[in-house]
$ cat target23.tsv   # TSV, C-alpha atoms
chain	number	residue	atom	x	y	z
A	1	MET	CA	-31.32	-17.60	15.91
A	2	GLN	CA	-33.22	-16.21	12.93
A	3	TRP	CA	-32.64	-12.63	11.84
A	4	VAL	CA	-35.74	-10.52	11.32
A	5	ASP	CA	-35.88	-8.55	8.08
A	6	LEU	CA	-36.03	-4.89	9.06
A	7	GLY	CA	-37.37	-4.19	5.60
A	8	VAL	CA	-40.82	-5.30	6.72
A	9	LEU	CA	-40.72	-2.50	9.26
A	10	VAL	CA	-39.81	0.07	6.61
A	11	ALA	CA	-42.74	-0.52	4.30
A	12	ASP	CA	-45.95	-2.51	4.49
A	13	SER	CA	-46.12	-4.38	1.20
A	14	SER	CA	-49.92	-4.52	1.41
A	15	THR	CA	-50.32	-0.75	1.45
A	16	ALA	CA	-47.11	0.69	0.01
A	17	SER	CA	-45.22	0.27	-3.22
A	18	PRO	CA	-42.07	-1.86	-2.87
A	19	HIS	CA	-39.27	0.19	-1.38
A	20	PHE	CA	-35.80	-0.13	-2.84
A	21	MET	CA	-34.51	-1.10	0.59
A	22	LEU	CA	-36.60	-4.25	0.51
A	23	ARG	CA	-34.65	-5.42	-2.52
A	24	LEU	CA	-31.48	-5.56	-0.42
A	25	TYR	CA	-32.71	-8.87	0.96
A	26	ASP	CA	-32.59	-10.33	-2.54
A	27	TYR	CA	-28.85	-9.77	-2.67
A	28	TYR	CA	-27.64	-9.80	0.93
A	29	SER	CA	-28.14	-11.99	3.97
A	30	SER	CA	-30.72	-10.71	6.45
A	31	TYR	CA	-28.07	-9.59	8.94
A	32	ILE	CA	-26.15	-7.63	6.28
A	33	ALA	CA	-29.28	-6.11	4.73
A	34	ASN	CA	-30.48	-5.11	8.20
A	35	GLY	CA	-27.16	-3.38	8.83
A	36	MET	CA	-27.41	-1.52	5.53
A	37	ILE	CA	-30.90	-0.27	6.35
A	38	MET	CA	-29.84	0.76	9.85
A	39	SER	CA	-26.94	2.70	8.35
A	40	CYS	CA	-29.35	4.55	6.05
A	41	CYS	CA	-31.66	5.37	8.95
A	42	ALA	CA	-28.72	6.62	11.03
A	43	PHE	CA	-27.62	8.78	8.09
A	44	ILE	CA	-31.04	10.43	7.97
A	45	ASP	CA	-31.05	11.01	11.74
A	46	ALA	CA	-27.51	12.40	11.66
A	47	ASN	CA	-28.36	14.88	8.93
A	48	TRP	CA	-31.36	16.10	10.92
A	49	LEU	CA	-29.18	16.42	14.01
A	50	GLU	CA	-26.48	18.32	12.13
A	51	VAL	CA	-28.99	20.79	10.73
A	52	ARG	CA	-30.45	21.35	14.19
A	53	ALA	CA	-27.01	21.77	15.77
A	54	LEU	CA	-25.91	24.19	13.06
A	55	SER	CA	-29.09	26.22	13.36
A	56	LYS	CA	-28.52	26.56	17.10
A	57	SER	CA	-24.79	27.27	16.65
A	58	ALA	CA	-24.11	24.72	19.38
A	59	PRO	CA	-20.46	24.84	20.49
A	60	THR	CA	-18.40	21.66	20.53
A	61	LYS	CA	-17.45	20.96	24.14
A	62	SER	CA	-13.83	20.02	24.79
A	63	ASP	CA	-14.88	17.13	27.05
A	64	ALA	CA	-16.95	15.54	24.27
A	65	LYS	CA	-13.99	13.45	23.13
A	66	LEU	CA	-16.06	10.78	21.40
A	67	TRP	CA	-18.62	13.11	19.83
A	68	PRO	CA	-16.72	13.91	16.60
A	69	TYR	CA	-16.32	10.28	15.57
A	70	TYR	CA	-19.79	9.36	16.81
A	71	MET	CA	-21.24	11.86	14.35
A	72	ARG	CA	-18.70	10.96	11.69
A	73	ASN	CA	-19.62	7.32	11.86
A	74	ILE	CA	-23.33	7.87	11.29
A	75	ASN	CA	-23.45	10.89	8.98
A	76	GLY	CA	-21.62	9.29	6.08
A	77	ALA	CA	-23.38	5.92	5.81
A	78	ALA	CA	-19.96	4.25	5.71
A	79	ALA	CA	-21.32	1.04	7.22
A	80	PHE	CA	-23.69	0.75	4.26
A	81	TYR	CA	-20.75	0.73	1.86
A	82	ALA	CA	-18.77	-1.72	4.00
A	83	TYR	CA	-21.67	-4.17	4.10
A	84	ALA	CA	-22.36	-3.68	0.39
A	85	CYS	CA	-19.01	-5.25	-0.46
A	86	PHE	CA	-20.29	-8.69	0.45
A	87	PRO	CA	-23.37	-9.89	-1.47
A	88	LYS	CA	-24.49	-13.34	-0.39
A	89	ARG	CA	-23.97	-14.81	-3.86
A	90	ASP	CA	-20.21	-14.23	-3.63
A	91	HIS	CA	-19.82	-14.34	0.15
A	92	PRO	CA	-22.42	-16.73	1.57
A	93	ASN	CA	-20.79	-17.11	4.99
A	94	ILE	CA	-20.85	-13.84	6.95
A	95	VAL	CA	-18.44	-15.30	9.51
A	96	ASP	CA	-15.73	-15.09	6.83
A	97	TYR	CA	-15.70	-11.30	6.78
A	98	VAL	CA	-17.94	-9.76	9.45
A	99	GLN	CA	-15.08	-9.07	11.89
A	100	ALA	CA	-13.50	-6.77	9.29
A	101	ILE	CA	-16.61	-4.60	8.93
A	102	PRO	CA	-15.58	-2.10	11.67
A	103	GLU	CA	-12.16	-1.58	10.06
A	104	ILE	CA	-13.64	-1.23	6.58
A	105	THR	CA	-16.19	1.25	7.91
A	106	MET	CA	-13.56	3.37	9.64
A	107	ASN	CA	-11.33	3.29	6.57
A	108	THR	CA	-14.26	4.47	4.44
A	109	ASN	CA	-14.88	7.36	6.83
A	110	PHE	CA	-11.26	8.42	7.05
A	111	ILE	CA	-10.52	8.15	3.33
A	112	ASN	CA	-13.41	10.55	2.83
A	113	ASP	CA	-12.03	12.92	5.46
A	114	VAL	CA	-8.56	12.90	3.92
A	115	LEU	CA	-9.62	13.33	0.30
A	116	SER	CA	-12.37	15.85	1.12
A	117	PHE	CA	-10.13	18.01	3.30
A	118	TYR	CA	-8.91	20.35	0.55
A	119	LYS	CA	-12.40	21.04	-0.81
A	120	GLU	CA	-13.84	21.54	2.66
A	121	GLU	CA	-11.10	23.94	3.68
A	122	MET	CA	-11.45	25.93	0.46
A	123	ASP	CA	-15.20	26.17	1.08
A	124	GLY	CA	-14.67	27.28	4.67
A	125	GLU	CA	-16.62	24.39	6.17
A	126	GLU	CA	-16.46	24.36	9.96
A	127	HIS	CA	-18.37	21.20	10.86
A	128	THR	CA	-16.14	18.62	9.21
A	129	TYR	CA	-14.59	15.79	11.21
A	130	CYS	CA	-11.12	17.35	11.15
A	131	ARG	CA	-12.42	20.77	12.22
A	132	THR	CA	-14.63	19.32	14.95
A	133	MET	CA	-11.86	17.12	16.28
A	134	SER	CA	-9.53	20.12	16.21
A	135	ARG	CA	-11.88	22.06	18.47
A	136	VAL	CA	-12.14	19.13	20.87
A	137	THR	CA	-8.44	18.31	21.07
A	138	GLY	CA	-6.92	21.74	20.55
A	139	GLU	CA	-4.74	20.35	17.76
A	140	PRO	CA	-4.46	22.25	14.44
A	141	PRO	CA	-6.70	20.81	11.71
A	142	ILE	CA	-3.66	19.84	9.63
A	143	LYS	CA	-2.35	17.75	12.55
A	144	VAL	CA	-5.74	16.07	12.87
A	145	LEU	CA	-5.62	15.38	9.13
A	146	GLN	CA	-2.25	13.64	9.49
A	147	ASP	CA	-3.58	11.53	12.35
A	148	VAL	CA	-6.64	10.60	10.30
A	149	ALA	CA	-4.49	9.65	7.31
A	150	ASP	CA	-2.27	7.47	9.51
A	151	GLU	CA	-5.30	5.76	11.02
A	152	ALA	CA	-6.83	5.18	7.58
A	153	VAL	CA	-3.70	3.25	6.61
A	154	ALA	CA	-3.62	1.36	9.91
A	155	VAL	CA	-7.23	0.17	9.73
A	156	ALA	CA	-6.79	-0.85	6.08
A	157	LYS	CA	-3.87	-3.05	7.10
A	158	ARG	CA	-5.88	-4.53	9.96
A	159	ALA	CA	-8.81	-5.30	7.66
A	160	ALA	CA	-6.46	-7.09	5.27
A	161	ALA	CA	-4.96	-9.06	8.15
A	162	ILE	CA	-8.42	-10.10	9.33
A	163	LEU	CA	-9.33	-11.35	5.86
A	164	LYS	CA	-5.97	-12.89	4.95
A	165	ASP	CA	-7.30	-16.45	5.25
A	166	VAL	CA	-10.34	-15.74	3.06
A	167	PRO	CA	-9.01	-14.97	-0.45
A	168	ALA	CA	-12.38	-14.02	-1.96
A	169	ALA	CA	-13.13	-11.52	0.81
A	170	LEU	CA	-9.60	-10.10	0.71
A	171	LYS	CA	-9.85	-9.62	-3.05
A	172	THR	CA	-13.14	-7.79	-2.58
A	173	LEU	CA	-11.58	-5.56	0.07
A	174	LYS	CA	-8.67	-4.58	-2.17
A	175	GLU	CA	-10.96	-3.83	-5.10
A	176	TYR	CA	-13.22	-1.73	-2.88
A	177	GLU	CA	-10.32	0.28	-1.45
A	178	GLN	CA	-8.89	1.00	-4.90
A	179	GLY	CA	-12.29	1.89	-6.32
A	180	ASN	CA	-13.11	4.12	-3.38
A	181	ILE	CA	-9.94	6.17	-3.82
A	182	ARG	CA	-10.40	6.32	-7.58
A	183	PHE	CA	-13.90	7.75	-7.04
A	184	TYR	CA	-12.52	10.79	-5.23
A	185	LEU	CA	-9.74	11.29	-7.76
A	186	ASP	CA	-12.15	11.13	-10.71
A	187	GLU	CA	-14.86	13.32	-9.18
A	188	ALA	CA	-14.29	17.02	-9.97
A	189	HIS	CA	-16.33	17.93	-6.88
A	190	TYR	CA	-13.29	17.23	-4.67
A	191	ARG	CA	-10.91	19.44	-6.73
A	192	LEU	CA	-7.96	17.11	-6.34
A	193	PRO	CA	-4.86	17.71	-8.50
A	194	ALA	CA	-4.66	15.81	-11.77
A	195	ASP	CA	-1.19	14.52	-10.92
A	196	TRP	CA	-2.65	12.70	-7.90
A	197	LYS	CA	-4.72	10.60	-10.28
A	198	ALA	CA	-1.65	9.95	-12.43
A	199	GLN	CA	0.36	8.92	-9.37
A	200	PHE	CA	-2.42	6.61	-8.22
A	201	ALA	CA	-2.55	4.94	-11.64
A	202	GLN	CA	1.24	4.61	-11.66
A	203	ASN	CA	1.20	2.97	-8.23
A	204	LEU	CA	-1.35	0.44	-9.46
A	205	VAL	CA	0.84	-0.39	-12.45
A	206	GLN	CA	3.90	-0.77	-10.22
A	207	HIS	CA	1.91	-2.99	-7.88
A	208	ARG	CA	0.79	-5.15	-10.79
A	209	ASP	CA	4.35	-5.34	-12.15
A	210	ALA	CA	5.63	-6.41	-8.74
A	211	LEU	CA	2.99	-9.12	-8.58
A	212	THR	CA	3.94	-10.34	-12.05
A	213	GLN	CA	7.61	-10.51	-11.03
A	214	SER	CA	6.68	-12.35	-7.85
A	215	ILE	CA	4.66	-14.88	-9.82
A	216	ARG	CA	7.54	-15.42	-12.27
A	217	ILE	CA	9.99	-16.04	-9.43
A	218	ARG	CA	7.62	-18.47	-7.77
A	219	GLU	CA	7.10	-20.38	-10.99
A	220	GLU	CA	10.84	-20.58	-11.67
A	221	TYR	CA	12.14	-21.46	-8.23
A	222	VAL	CA	9.34	-23.21	-6.38
A	223	ASP	CA	6.69	-25.75	-7.18
A	224	CYS	CA	3.81	-23.31	-7.35
A	225	VAL	CA	0.29	-24.72	-7.39
A	226	PRO	CA	-1.71	-22.74	-9.99
A	227	CYS	CA	-4.34	-20.55	-8.36
A	228	ASN	CA	-5.94	-17.14	-8.72
A	229	ILE	CA	-4.58	-15.61	-5.53
A	230	CYS	CA	-1.41	-14.04	-6.95
A	231	HIS	CA	-2.98	-13.09	-10.26
A	232	ASP	CA	-5.89	-11.37	-8.54
A	233	GLY	CA	-3.60	-9.10	-6.57
A	234	ILE	CA	-4.10	-10.69	-3.18
A	235	LEU	CA	-0.44	-11.50	-2.53
$ encode --input "target23.tsv" --output "structure tokens"
Amino acid sequence: MQWVDLGVLVADSSTASPHFMLRLYDYYSSYIANGMIMSCCAFIDANWLEVRALSKSAPTKSDAKLWPYYMRNINGAAAFYAYACFPKRDHPNIVDYVQAIPEITMNTNFINDVLSFYKEEMDGEEHTYCRTMSRVTGEPPIKVLQDVADEAVAVAKRAAAILKDVPAALKTLKEYEQGNIRFYLDEAHYRLPADWKAQFAQNLVQHRDALTQSIRIREEYVDCVPCNICHDGIL
């Protein structure tokens, strides 16, 4: 089977200037680049749908159990970011990591929901994932937030388990997760407390110290074959 480049459907190179989306195929396999473009298109559609729904003041029906996450999954372009972790130069075989894409996507969505919650509540936003899910389930928004936080941790662990036999992909996952959280902590837009950033940095240092200790023990008590796995923070 040969994947068709969706980029050719986005812009006709004979009549239009090169679109930035077409350049994705220079860096990603056709399947991955296609997925990134589809995520962008879904993001545009979702924003149109949200504006229309808000303008009509459409109520969220209690039987629409899957609606909140359906919208959440397409209105944040999370799949784009999940796919973007794996350029073909560093990850030439998509089979190595593709099964983890759903978990990485969900983690991206839920990390956003958790770390955006304070700002959204302070701004009185009513159409966030936590608020929408609250209206569907009848649970208080803070309870939904706890459930979302728990699920964010669970899917991160599953993604790591899926990639445990592919060190390069697992390393990429860990770096993406840390960078994603750091983005929210560093961005003033989210109004997160300064001590959260300090705690995050401290946790990274403790993690690195634990890895160093683990490496020392291995080198002292076992015949450890030199590799980059421990030093890169995979174990």
$ closest_residue --input "target23.tsv" --among "A:Lys197, A:Ser29, A:Gln202, A:Thr132" --to "A:Pro68" --atoms "only C-alpha atoms"
A:Thr132
$ axis_aligned_box --input "target23.tsv" --around "stretch 40-53 of chain A" --padding-each-side "5 Å" --output "lines of an AutoDock Vina configuration file"
center_x = -29.1
center_y = 13.2
center_z = 10.9
size_x = 15.2
size_y = 27.2
size_z = 19.7
$ atom_distance --input "target23.tsv" --atom1 "atom CA of A:Thr105" --atom2 "atom CA of A:Ala78"
5.3 Å
$ residues_near_point --input "target23.tsv" --point "(-34.0, -8.0, -2.6)" --cutoff "12 Å" --atoms "only C-alpha atoms" --output "MDAnalysis selection string"
chainID A and resid 5 7:8 18:30 32:34 87:88
$ residues_around --input "target23.tsv" --residues "A:Glu120" --least-positions-apart "2" --cutoff "12 Å" --atoms "all atoms listed in the file" --output "PDB file with C-alpha atoms, keeping the file's coordinate frame"
ATOM      1  CA  ASN A 112     -13.410  10.550   2.830  1.00  0.00           C
ATOM      2  CA  ASP A 113     -12.030  12.920   5.460  1.00  0.00           C
ATOM      3  CA  VAL A 114      -8.560  12.900   3.920  1.00  0.00           C
ATOM      4  CA  LEU A 115      -9.620  13.330   0.300  1.00  0.00           C
ATOM      5  CA  SER A 116     -12.370  15.850   1.120  1.00  0.00           C
ATOM      6  CA  PHE A 117     -10.130  18.010   3.300  1.00  0.00           C
ATOM      7  CA  TYR A 118      -8.910  20.350   0.550  1.00  0.00           C
ATOM      8  CA  MET A 122     -11.450  25.930   0.460  1.00  0.00           C
ATOM      9  CA  ASP A 123     -15.200  26.170   1.080  1.00  0.00           C
ATOM     10  CA  GLY A 124     -14.670  27.280   4.670  1.00  0.00           C
ATOM     11  CA  GLU A 125     -16.620  24.390   6.170  1.00  0.00           C
ATOM     12  CA  GLU A 126     -16.460  24.360   9.960  1.00  0.00           C
ATOM     13  CA  HIS A 127     -18.370  21.200  10.860  1.00  0.00           C
ATOM     14  CA  THR A 128     -16.140  18.620   9.210  1.00  0.00           C
ATOM     15  CA  TYR A 129     -14.590  15.790  11.210  1.00  0.00           C
ATOM     16  CA  CYS A 130     -11.120  17.350  11.150  1.00  0.00           C
ATOM     17  CA  ARG A 131     -12.420  20.770  12.220  1.00  0.00           C
ATOM     18  CA  PRO A 141      -6.700  20.810  11.710  1.00  0.00           C
ATOM     19  CA  HIS A 189     -16.330  17.930  -6.880  1.00  0.00           C
ATOM     20  CA  TYR A 190     -13.290  17.230  -4.670  1.00  0.00           C
ATOM     21  CA  ARG A 191     -10.910  19.440  -6.730  1.00  0.00           C
ATOM     22  CA  LEU A 192      -7.960  17.110  -6.340  1.00  0.00           C
TER      23      LEU A 192
END
$ closest_residue --input "target23.tsv" --among "A:Met36, A:Ala42, A:Ile142, A:Ala161" --to "A:Phe86" --atoms "only C-alpha atoms"
A:Met36
$ closest_residue --input "target23.tsv" --among "A:Met71, A:Val148, A:Val98, A:Ala79" --to "A:Glu50" --atoms "all atoms listed in the file"
A:Met71
$ residues_around --input "target23.tsv" --residues "stretch 177-181 of chain A" --least-positions-apart "6" --cutoff "9 Å" --atoms "only C-alpha atoms" --output "mmCIF file with C-alpha atoms, in the coordinates of the input"
data_model
loop_
_atom_site.group_PDB
_atom_site.id
_atom_site.type_symbol
_atom_site.label_atom_id
_atom_site.label_comp_id
_atom_site.auth_asym_id
_atom_site.auth_seq_id
_atom_site.Cartn_x
_atom_site.Cartn_y
_atom_site.Cartn_z
ATOM 1 C CA ILE A 104 -13.640 -1.230 6.580
ATOM 2 C CA ASN A 107 -11.330 3.290 6.570
ATOM 3 C CA THR A 108 -14.260 4.470 4.440
ATOM 4 C CA ILE A 111 -10.520 8.150 3.330
ATOM 5 C CA ASN A 112 -13.410 10.550 2.830
ATOM 6 C CA LEU A 115 -9.620 13.330 0.300
ATOM 7 C CA ALA A 156 -6.790 -0.850 6.080
ATOM 8 C CA PHE A 200 -2.420 6.610 -8.220
ATOM 9 C CA LEU A 204 -1.350 0.440 -9.460
#
$ atom_distance --input "target23.tsv" --atom1 "atom CA of A:Asp195" --atom2 "atom CA of A:Ala160"
27.5 Å
$ closest_residue --input "target23.tsv" --among "A:Ala64, A:Ala201, A:Met106, A:Ala152" --to "A:Arg135" --atoms "only C-alpha atoms"
A:Ala64
$ closest_residue --input "target23.tsv" --among "A:Tyr176, A:Pro102, A:Lys119, A:Lys157" --to "A:Ala188" --atoms "only C-alpha atoms"
A:Lys119
$ closest_residue --input "target23.tsv" --among "A:Glu187, A:Glu121, A:Asp63, A:Asp96" --to "A:Lys164" --atoms "only C-alpha atoms"
A:Asp96
